[in-house]
file work34.csv (CSV, C-alpha atoms)
chain,number,residue,atom,x,y,z
A,1,MET,CA,196.8,170.1,194.3
A,2,LYS,CA,198.5,172.4,191.8
A,3,ALA,CA,201.4,172.9,194.2
A,4,LEU,CA,201.8,169.2,194.7
A,5,ARG,CA,201.6,168.6,190.9
A,6,LEU,CA,204.3,171.3,190.3
A,7,THR,CA,206.5,169.8,193.0
A,8,PHE,CA,206.1,166.3,191.5
A,9,GLU,CA,206.9,167.6,188.0
A,10,SER,CA,209.9,169.5,189.3
A,11,PHE,CA,211.1,166.4,191.0
A,12,ARG,CA,210.7,164.4,187.8
A,13,PHE,CA,212.5,166.9,185.7
A,14,ALA,CA,215.3,167.1,188.3
A,15,TRP,CA,215.7,163.4,188.5
A,16,ASP,CA,215.7,162.9,184.7
A,17,ALA,CA,218.3,165.7,184.4
A,18,LEU,CA,220.6,164.2,187.1
A,19,LYS,CA,220.2,160.6,185.7
A,20,GLY,CA,220.8,161.7,182.2
A,21,ASN,CA,224.3,163.1,183.2
A,22,LEU,CA,225.3,160.6,185.8
A,23,LEU,CA,229.0,161.2,185.7
A,24,ARG,CA,228.6,164.9,186.0
A,25,THR,CA,226.1,164.5,188.8
A,26,ILE,CA,228.4,162.3,190.8
A,27,LEU,CA,231.3,164.7,190.4
A,28,SER,CA,229.0,167.6,191.5
A,29,LEU,CA,227.8,165.5,194.5
A,30,LEU,CA,231.4,164.9,195.6
A,31,GLY,CA,232.0,168.6,196.4
A,32,VAL,CA,228.9,168.9,198.5
A,33,THR,CA,229.6,165.5,200.1
A,34,VAL,CA,233.1,166.6,201.2
A,35,GLY,CA,231.8,169.9,202.4
A,36,ILE,CA,229.0,168.5,204.6
A,37,PHE,CA,231.3,165.7,205.7
A,38,SER,CA,233.9,168.3,206.8
A,39,ILE,CA,231.4,170.4,208.8
A,40,ILE,CA,229.4,167.7,210.4
A,41,SER,CA,232.4,165.5,211.3
A,42,VAL,CA,234.0,168.6,213.0
A,43,PHE,CA,230.8,169.2,215.0
A,44,ALA,CA,230.4,165.5,215.8
A,45,VAL,CA,234.0,165.3,217.1
A,46,VAL,CA,233.6,168.5,219.1
A,47,ASP,CA,230.3,167.3,220.7
A,48,SER,CA,231.7,163.9,221.5
A,49,LEU,CA,234.9,165.4,222.9
A,50,GLU,CA,232.9,167.9,225.1
A,51,ALA,CA,230.6,165.1,226.3
A,52,ASN,CA,233.5,162.9,227.2
A,53,VAL,CA,235.3,165.7,229.0
A,54,ARG,CA,232.2,166.5,231.0
A,55,GLN,CA,231.8,162.9,231.8
A,56,SER,CA,235.4,162.8,232.9
A,57,MET,CA,234.8,165.8,235.2
A,58,SER,CA,231.6,164.3,236.6
A,59,PHE,CA,233.4,163.4,239.9
A,60,VAL,CA,233.0,167.0,241.0
A,61,GLY,CA,229.3,166.5,241.3
A,62,ASP,CA,226.3,168.8,240.6
A,63,LYS,CA,224.9,171.7,242.8
A,64,VAL,CA,227.9,171.4,245.1
A,65,ILE,CA,230.0,174.2,246.7
A,66,TYR,CA,233.6,173.1,247.7
A,67,VAL,CA,235.6,174.9,250.3
A,68,ASN,CA,239.2,174.9,249.3
A,69,LYS,CA,242.4,176.8,249.8
A,70,TRP,CA,242.9,177.4,246.1
A,71,PRO,CA,240.4,178.7,243.6
A,72,TRP,CA,239.7,176.5,240.6
A,73,SER,CA,240.1,179.3,238.1
A,74,PHE,CA,242.5,182.2,238.0
A,75,GLY,CA,241.8,185.5,236.3
A,76,PRO,CA,244.4,187.4,234.4
A,77,GLY,CA,246.9,189.2,236.5
A,78,ILE,CA,246.0,187.5,239.8
A,79,PRO,CA,249.2,186.5,241.6
A,80,TRP,CA,249.3,182.8,242.7
A,81,TRP,CA,251.2,183.7,245.9
A,82,LYS,CA,248.0,185.5,247.1
A,83,TYR,CA,246.6,182.1,248.0
A,84,PHE,CA,249.8,180.3,249.1
A,85,ASN,CA,249.6,181.3,252.7
A,86,ARG,CA,245.9,180.6,253.2
A,87,PRO,CA,245.0,178.0,255.8
A,88,VAL,CA,243.4,174.7,254.5
A,89,PRO,CA,239.9,173.6,255.5
A,90,THR,CA,239.9,171.7,258.8
A,91,VAL,CA,237.7,169.2,260.6
A,92,ARG,CA,236.8,171.9,263.1
A,93,GLU,CA,235.4,174.0,260.3
A,94,PHE,CA,233.6,171.1,258.9
A,95,ARG,CA,231.9,170.4,262.2
A,96,ALA,CA,231.0,174.1,262.5
A,97,LEU,CA,229.4,174.2,259.1
A,98,GLN,CA,227.5,171.0,259.9
A,99,ARG,CA,226.0,172.6,263.1
A,100,ASN,CA,225.3,176.1,261.8
A,101,LEU,CA,224.2,175.8,258.2
A,102,SER,CA,220.4,176.2,257.8
A,103,PRO,CA,218.7,172.8,257.3
A,104,GLY,CA,216.7,174.1,254.4
A,105,SER,CA,219.8,175.5,252.6
A,106,ASN,CA,221.7,172.2,252.0
A,107,ARG,CA,221.2,168.5,251.7
A,108,GLY,CA,224.5,167.5,253.3
A,109,VAL,CA,228.0,168.5,254.3
A,110,ALA,CA,231.0,166.3,253.9
A,111,ILE,CA,234.7,166.4,254.4
A,112,PHE,CA,237.1,164.1,252.4
A,113,ALA,CA,240.8,163.7,251.6
A,114,ASN,CA,242.7,161.2,249.5
A,115,THR,CA,246.2,159.9,248.8
A,116,SER,CA,247.5,158.0,245.8
A,117,GLY,CA,250.2,155.4,245.2
A,118,ASN,CA,248.9,153.0,247.8
A,119,THR,CA,249.4,149.2,247.7
A,120,PHE,CA,246.6,146.8,248.7
A,121,LYS,CA,247.1,143.1,249.5
A,122,ALA,CA,244.8,140.2,249.9
A,123,GLY,CA,246.5,136.8,250.4
A,124,SER,CA,248.9,136.4,247.4
A,125,ASN,CA,247.2,139.0,245.4
A,126,SER,CA,248.1,142.7,245.4
A,127,MET,CA,247.5,145.9,243.5
A,128,THR,CA,249.6,149.0,243.4
A,129,SER,CA,249.0,152.7,242.5
A,130,CYS,CA,245.6,152.7,244.3
A,131,SER,CA,243.9,155.8,245.8
A,132,LEU,CA,242.8,155.7,249.4
A,133,GLU,CA,240.1,158.3,250.3
A,134,GLY,CA,238.7,159.1,253.7
A,135,VAL,CA,235.1,160.4,253.6
A,136,SER,CA,232.5,161.5,256.1
A,137,TYR,CA,229.0,160.0,256.1
A,138,ASP,CA,227.4,162.6,253.9
A,139,TYR,CA,229.9,162.1,251.1
A,140,TYR,CA,227.4,159.9,249.2
A,141,ILE,CA,225.1,163.0,249.1
A,142,VAL,CA,227.8,165.4,247.9
A,143,SER,CA,229.3,163.0,245.3
A,144,ASP,CA,227.7,160.1,243.6
A,145,VAL,CA,228.9,156.7,245.0
A,146,PRO,CA,227.4,154.1,242.6
A,147,LEU,CA,227.5,150.6,244.1
A,148,ALA,CA,227.6,147.4,242.1
A,149,GLU,CA,227.2,145.3,245.2
A,150,GLY,CA,227.2,145.6,248.9
A,151,ARG,CA,226.3,148.8,250.8
A,152,TYR,CA,227.4,152.2,251.9
A,153,PHE,CA,228.8,153.1,255.4
A,154,THR,CA,226.5,153.4,258.3
A,155,PRO,CA,226.8,156.6,260.5
A,156,GLN,CA,228.1,154.4,263.4
A,157,GLU,CA,230.9,153.0,261.2
A,158,VAL,CA,232.0,156.5,260.2
A,159,GLU,CA,231.7,158.1,263.7
A,160,SER,CA,233.6,155.2,265.3
A,161,ALA,CA,236.2,155.1,262.5
A,162,ARG,CA,235.8,151.4,261.8
A,163,SER,CA,238.2,149.5,259.4
A,164,VAL,CA,235.6,149.0,256.7
A,165,ALA,CA,236.0,149.9,253.0
A,166,ILE,CA,234.2,150.4,249.7
A,167,ILE,CA,236.5,149.4,246.9
A,168,GLY,CA,236.6,150.1,243.1
A,169,ALA,CA,235.9,147.5,240.5
A,170,ASP,CA,239.6,147.1,239.5
A,171,ILE,CA,240.7,146.6,243.0
A,172,ALA,CA,238.0,144.0,243.6
A,173,ALA,CA,238.9,142.1,240.3
A,174,ASN,CA,242.7,142.1,241.2
A,175,LEU,CA,242.4,141.2,244.9
A,176,PHE,CA,239.4,138.8,244.8
A,177,PRO,CA,239.3,137.3,241.3
A,178,ASN,CA,236.4,135.0,240.4
A,179,ARG,CA,234.5,135.7,243.7
A,180,SER,CA,232.6,138.4,245.4
A,181,ALA,CA,234.7,140.9,247.3
A,182,VAL,CA,232.0,141.8,249.8
A,183,GLY,CA,232.8,140.4,253.2
A,184,GLN,CA,236.5,139.7,252.3
A,185,THR,CA,239.4,141.4,253.9
A,186,PHE,CA,242.6,143.1,252.6
A,187,LYS,CA,245.5,145.0,254.0
A,188,ALA,CA,246.5,148.6,253.4
A,189,LYS,CA,249.2,150.5,255.3
A,190,GLY,CA,249.6,147.6,257.7
A,191,LEU,CA,245.9,147.6,258.7
A,192,THR,CA,243.2,145.1,257.8
A,193,PHE,CA,240.0,146.3,256.2
A,194,THR,CA,236.7,144.5,255.6
A,195,VAL,CA,235.0,145.1,252.2
A,196,ILE,CA,231.4,146.2,252.6
A,197,GLY,CA,230.8,147.4,249.0
A,198,VAL,CA,232.1,147.4,245.5
A,199,LEU,CA,231.7,150.4,243.2
A,200,GLN,CA,230.4,150.2,239.6
A,201,LYS,CA,233.1,150.1,236.9
A,202,GLU,CA,233.7,153.4,235.3
A,203,GLY,CA,236.2,152.4,232.6
A,204,LYS,CA,238.9,154.5,231.0
A,205,LYS,CA,238.3,158.3,231.0
A,206,LEU,CA,239.3,160.7,228.3
A,207,LEU,CA,241.1,163.0,230.7
A,208,ASP,CA,243.5,161.9,233.4
A,209,THR,CA,240.9,162.6,236.1
A,210,PRO,CA,240.2,160.5,239.2
A,211,SER,CA,238.6,157.2,238.6
A,212,ASN,CA,236.8,155.1,241.2
A,213,ASP,CA,237.9,151.9,239.6
A,214,ALA,CA,241.2,152.1,241.5
A,215,ASN,CA,239.9,154.0,244.5
A,216,CYS,CA,239.0,152.8,248.0
A,217,PHE,CA,236.7,154.7,250.4
A,218,ILE,CA,237.2,154.4,254.1
A,219,PRO,CA,235.7,156.4,257.1
A,220,PHE,CA,237.4,159.8,257.5
A,221,GLY,CA,238.3,159.0,261.1
A,222,MET,CA,240.2,155.9,260.1
A,223,PHE,CA,241.9,157.9,257.4
A,224,THR,CA,243.2,160.4,259.9
A,225,LYS,CA,244.7,157.5,261.9
A,226,ILE,CA,246.8,156.4,258.9
A,227,PHE,CA,247.8,159.8,257.4
A,228,ALA,CA,248.6,163.2,258.9
A,229,VAL,CA,245.8,165.5,257.8
A,230,ALA,CA,246.7,169.2,257.4
A,231,THR,CA,245.3,171.5,260.1
A,232,GLY,CA,245.3,175.2,259.3
A,233,GLY,CA,248.5,176.1,257.6
A,234,GLY,CA,250.4,172.9,258.7
A,235,GLY,CA,251.6,170.1,256.4
A,236,GLY,CA,249.9,166.9,255.6
A,237,VAL,CA,247.1,165.7,253.4
A,238,THR,CA,244.8,168.6,252.5
A,239,PRO,CA,241.1,167.9,253.0
A,240,THR,CA,238.2,169.4,251.1
A,241,ILE,CA,234.7,170.4,252.5
A,242,GLY,CA,231.8,169.9,250.1
A,243,ILE,CA,228.2,171.2,250.6
A,244,LYS,CA,225.4,169.9,248.5
A,245,GLY,CA,222.8,172.5,247.6
A,246,VAL,CA,219.0,172.1,247.3
A,247,ASP,CA,216.9,172.3,244.1
A,248,SER,CA,215.0,175.3,245.4
A,249,ASP,CA,218.3,177.3,245.1
A,250,PRO,CA,219.3,176.5,241.5
A,251,GLY,CA,222.1,179.2,241.4
A,252,LEU,CA,223.3,178.3,244.9
A,253,LEU,CA,223.5,182.0,245.6
A,254,ASN,CA,221.8,181.7,249.0
A,255,LEU,CA,224.0,178.7,250.0
A,256,GLU,CA,227.2,180.4,248.8
A,257,SER,CA,226.4,183.6,250.8
A,258,GLU,CA,225.6,181.6,253.9
A,259,VAL,CA,228.8,179.4,253.6
A,260,GLN,CA,230.9,182.5,253.0
A,261,GLY,CA,229.5,184.3,256.1
A,262,LEU,CA,230.0,181.3,258.3
A,263,MET,CA,233.5,180.6,257.1
A,264,ARG,CA,234.5,184.3,257.7
A,265,ASN,CA,233.0,184.0,261.2
A,266,ILE,CA,234.7,180.7,262.0
A,267,ARG,CA,238.1,182.1,260.9
A,268,GLY,CA,237.5,185.4,262.7
A,269,LEU,CA,238.0,187.6,259.6
A,270,LYS,CA,237.4,191.4,260.0
A,271,PRO,CA,234.9,193.1,257.7
A,272,ARG,CA,237.6,194.7,255.6
A,273,GLU,CA,239.7,191.5,255.3
A,274,GLU,CA,239.6,189.4,252.2
A,275,ASP,CA,238.3,185.8,252.3
A,276,SER,CA,241.1,183.4,253.3
A,277,PHE,CA,239.3,180.5,251.5
A,278,SER,CA,237.9,179.8,248.1
A,279,LEU,CA,234.3,178.7,247.3
A,280,ASN,CA,234.5,176.6,244.1
A,281,ARG,CA,231.6,175.2,242.1
A,282,PRO,CA,231.5,172.7,239.2
A,283,GLU,CA,230.0,175.5,237.0
A,284,MET,CA,233.4,177.1,236.9
A,285,LEU,CA,234.8,174.0,235.1
A,286,ALA,CA,231.6,173.7,233.0
A,287,ASN,CA,231.8,177.3,231.8
A,288,ALA,CA,235.5,176.9,231.0
A,289,ILE,CA,234.8,173.7,229.0
A,290,THR,CA,231.8,175.4,227.2
A,291,SER,CA,234.0,178.4,226.2
A,292,LEU,CA,236.8,176.2,225.0
A,293,PHE,CA,234.7,174.0,222.8
A,294,SER,CA,232.7,176.9,221.5
A,295,VAL,CA,235.9,178.3,220.1
A,296,ILE,CA,236.9,174.9,218.7
A,297,GLY,CA,233.5,174.5,217.1
A,298,VAL,CA,233.6,177.9,215.4
A,299,ALA,CA,237.1,177.3,214.1
A,300,GLY,CA,236.1,173.9,212.8
A,301,ALA,CA,233.0,175.4,211.2
A,302,VAL,CA,235.0,178.1,209.4
A,303,ILE,CA,237.5,175.5,208.1
A,304,GLY,CA,234.6,173.2,207.0
A,305,SER,CA,232.8,176.1,205.3
A,306,PHE,CA,235.6,176.5,202.8
A,307,ALA,CA,235.0,172.9,201.6
A,308,MET,CA,231.3,173.6,201.5
A,309,LEU,CA,231.9,176.8,199.5
A,310,VAL,CA,233.8,174.8,196.9
A,311,GLY,CA,230.9,172.4,196.7
A,312,GLY,CA,228.5,175.3,196.3
A,313,PHE,CA,230.5,176.7,193.4
A,314,GLY,CA,230.5,173.3,191.8
A,315,ILE,CA,226.7,173.1,192.0
A,316,ALA,CA,226.3,176.6,190.6
A,317,ASN,CA,228.6,175.8,187.7
A,318,ILE,CA,226.7,172.6,186.9
A,319,MET,CA,223.4,174.5,187.1
A,320,PHE,CA,224.6,177.1,184.6
A,321,VAL,CA,225.7,174.3,182.2
A,322,SER,CA,222.3,172.6,182.7
A,323,VAL,CA,220.4,175.8,181.8
A,324,LYS,CA,222.5,176.2,178.7
A,325,GLU,CA,221.9,172.6,177.6
A,326,ARG,CA,218.2,172.8,178.2
A,327,THR,CA,217.5,176.3,176.7
A,328,ASN,CA,215.6,174.8,173.8
A,329,ILE,CA,213.4,172.7,176.2
A,330,ILE,CA,212.8,175.7,178.3
A,331,GLY,CA,211.6,177.6,175.2
A,332,ILE,CA,209.2,174.8,174.3
A,333,GLN,CA,207.8,174.6,177.9
A,334,LYS,CA,207.2,178.4,178.0
A,335,SER,CA,205.5,178.4,174.5
A,336,LEU,CA,203.2,175.7,175.8
A,337,GLY,CA,202.1,177.9,178.7
A,338,ALA,CA,204.7,177.1,181.5
A,339,LYS,CA,204.9,180.0,183.9
A,340,ASN,CA,208.1,181.7,184.9
A,341,TYR,CA,207.8,180.4,188.5
A,342,PHE,CA,207.5,176.8,187.2
A,343,ILE,CA,210.8,177.1,185.4
A,344,LEU,CA,212.3,178.8,188.4
A,345,PHE,CA,211.1,176.2,190.8
A,346,GLN,CA,212.2,173.4,188.5
A,347,PHE,CA,215.9,174.5,188.4
A,348,LEU,CA,215.9,175.6,192.0
A,349,PHE,CA,214.5,172.2,193.1
A,350,GLU,CA,217.1,170.5,191.0
A,351,ALA,CA,220.0,172.4,192.8
A,352,VAL,CA,218.5,171.7,196.2
A,353,PHE,CA,217.9,168.1,195.4
A,354,LEU,CA,221.5,167.7,194.2
A,355,CYS,CA,222.8,169.3,197.4
A,356,LEU,CA,220.5,167.1,199.6
A,357,LEU,CA,221.9,164.0,197.9
A,358,GLY,CA,225.4,165.1,198.5
A,359,GLY,CA,224.7,166.2,202.1
A,360,GLY,CA,223.0,162.9,202.9
A,361,ALA,CA,226.0,161.1,201.6
A,362,GLY,CA,228.3,163.2,203.7
A,363,ILE,CA,226.2,162.6,206.8
A,364,PHE,CA,226.1,158.9,206.1
A,365,LEU,CA,229.9,158.9,206.0
A,366,VAL,CA,230.1,160.6,209.3
A,367,PHE,CA,227.6,158.0,210.7
A,368,LEU,CA,229.9,155.2,209.5
A,369,ILE,CA,232.8,156.7,211.3
A,370,THR,CA,230.9,157.0,214.5
A,371,ALA,CA,229.9,153.4,214.2
A,372,ILE,CA,233.5,152.3,214.6
A,373,PRO,CA,234.1,151.2,218.2
A,374,GLN,CA,236.3,153.7,220.1
A,375,ASP,CA,237.7,153.0,223.6
A,376,ALA,CA,239.2,156.4,224.5
A,377,MET,CA,236.5,158.6,223.1
A,378,PRO,CA,233.3,157.2,221.7
A,379,LEU,CA,231.9,159.3,218.8
A,380,PHE,CA,228.2,160.0,218.3
A,381,LEU,CA,226.2,161.8,215.6
A,382,SER,CA,223.4,163.8,217.2
A,383,ALA,CA,220.0,164.6,215.7
A,384,GLY,CA,220.9,168.3,215.8
A,385,ASN,CA,224.0,167.7,213.7
A,386,ILE,CA,222.0,165.7,211.2
A,387,THR,CA,219.4,168.5,211.0
A,388,LEU,CA,222.2,171.1,210.6
A,389,GLY,CA,223.8,169.1,207.8
A,390,LEU,CA,220.5,168.8,205.8
A,391,THR,CA,219.6,172.5,206.5
A,392,VAL,CA,223.0,173.6,205.2
A,393,SER,CA,222.6,171.4,202.2
A,394,VAL,CA,219.2,173.1,201.4
A,395,VAL,CA,220.6,176.6,201.9
A,396,ILE,CA,223.7,175.9,199.7
A,397,GLY,CA,221.4,174.4,197.0
A,398,MET,CA,219.2,177.5,197.0
A,399,LEU,CA,222.1,179.9,196.9
A,400,ALA,CA,223.9,178.0,194.2
A,401,GLY,CA,220.8,177.5,192.1
A,402,ILE,CA,218.9,180.8,192.5
A,403,ILE,CA,220.8,182.7,189.8
A,404,PRO,CA,220.8,180.0,187.1
A,405,ALA,CA,217.1,179.4,187.9
A,406,VAL,CA,216.3,183.1,187.5
A,407,LEU,CA,218.1,183.3,184.2
A,408,ALA,CA,216.2,180.2,183.0
A,409,ALA,CA,212.8,181.6,184.1
A,410,ASN,CA,213.5,185.0,182.3
A,411,LEU,CA,214.4,183.5,179.0
A,412,ASP,CA,212.5,184.7,176.0
A,413,PRO,CA,210.6,181.7,174.6
A,414,VAL,CA,211.2,182.5,170.9
A,415,ILE,CA,215.0,183.0,171.4
A,416,ALA,CA,215.1,180.0,173.6
A,417,ILE,CA,213.4,177.7,171.0
A,418,ARG,CA,215.9,178.9,168.3
A,419,ALA,CA,218.9,178.2,170.6
A,420,LYS,CA,221.0,175.2,169.6
call {"tool": "encode", "arguments": {"input": "work34.csv", "output": "structure tokens"}}
result
Amino acid sequence: MKALRLTFESFRFAWDALKGNLLRTILSLLGVTVGIFSIISVFAVVDSLEANVRQSMSFVGDKVIYVNKWPWSFGPGIPWWKYFNRPVPTVREFRALQRNLSPGSNRGVAIFANTSGNTFKAGSNSMTSCSLEGVSYDYYIVSDVPLAEGRYFTPQEVESARSVAIIGADIAANLFPNRSAVGQTFKAKGLTFTVIGVLQKEGKKLLDTPSNDANCFIPFGMFTKIFAVATGGGGGVTPTIGIKGVDSDPGLLNLESEVQGLMRNIRGLKPREEDSFSLNRPEMLANAITSLFSVIGVAGAVIGSFAMLVGGFGIANIMFVSVKERTNIIGIQKSLGAKNYFILFQFLFEAVFLCLLGGGAGIFLVFLITAIPQDAMPLFLSAGNITLGLTVSVVIGMLAGIIPAVLAANLDPVIAIRAK
């Protein structure tokens, strides 16, 4: 009860002091408000940017190993020509992996390839700059294929290379306006395709990454009839093999080791020969993104901390002035029996309270900015950033107010009462 009473009294003293010097209080709040606004706005932008970049990169899937000619990341000093003469993944290798991979090590194996700049026509309607992607049946396991209407391919449609297609939302809207696209036909590369499904609309992405809105999936066999697919080191469209891992192998170490061994065996590599393929995982991109935004976050925090430092000096200055103005009152309080810790707590609470008001105002300003609709990159203010802002406010208040509070608590009551 005593602690609660002291807290209430300290709050009342702090509120009366702040209200009694309203202009000075507002000017002091501005420094903390700008400081917290700078730090939290930087973190909010970085978090939003990272979230949008990760969403833009979501097409690579999760828990997937991709067999490619090129690695997704290059270390320093590694010559690019080391990979130039490597053979590309082939349908033969895809079939071999399908047959020989342990059933319990993976959920599915898929091969896929795509081309861009295609034109689709349906009656008098047409759409240019479309992607055409040939996929095997297990593609929906390796990569997410969210359908808004219709269905996915059947194994028979894929194996017999039928002319069926799953189209993106923009293609459906342009070729078949004001009606359902499922069951309709369109032409691509001189062939007629029947629409069996329409993908969910993804919208504009932050990065220039593949979007399914202007993409069309067809069976891989049909794709090979339209385009020349590279075999070994030859020219043509380069396919990719994707293998979906299982939850019991979170690091995909077992799957990676098995795929590596099988690929070396398929390509007849000797024990001392280097791999002639690359096994890529989404974690490579995720780690690169995390490292990049960690650096950006630290840089932003350092810049914002200077603004916060200025606000802290402002609070410290105003607290020194407040102690000097209330020296006589402090002497009276101590002569009436007020303990040193009560005086200390009173001024310290005032500094923290002042910083919390400024910090709350800064966070509110950031929230107002995030409430503005953004098409390219929606901003959001996380609970973690709000907690961080309030915590920084409390810490700055304690650091800025501790020395003035200690000086006030150690004043001699007789000298303090005589002060004018």
call {"tool": "residues_around", "arguments": {"input": "work34.csv", "residues": "segment 399-408 of chain A", "least_positions_apart": "4", "cutoff": "6 Å", "atoms": "all atoms listed in the file", "output": "PyMOL selection string"}}
result
chain A and resi 312+316+320+344+347-348+351
call {"tool": "closest_residue", "arguments": {"input": "work34.csv", "among": "A:Phe364, A:Phe37, A:Trp15, A:Tyr66", "to": "Gly245 of chain A", "atoms": "only C-alpha atoms"}}
result
A:Tyr66
call {"tool": "closest_residue", "arguments": {"input": "work34.csv", "among": "A:Val64, A:Met127, A:Ile36, A:Val366", "to": "Ser305 of chain A", "atoms": "all atoms listed in the file"}}
result
A:Ile36
call {"tool": "residues_around", "arguments": {"input": "work34.csv", "residues": "Val91 of chain A", "least_positions_apart": "6", "cutoff": "9 Å", "atoms": "only C-alpha atoms", "output": "list in words"}}
result
Ile111, Thr231, Pro239 and Ile241 of chain A
call {"tool": "closest_residue", "arguments": {"input": "work34.csv", "among": "A:Gly337, A:Gly197, A:Pro373, A:Gly358", "to": "Pro413 of chain A", "atoms": "all atoms listed in the file"}}
result
A:Gly337
call {"tool": "atom_distance", "arguments": {"input": "work34.csv", "atom1": "atom CA of Gly123 of chain A", "atom2": "atom CA of Ala169 of chain A"}}
result
18.0 Å
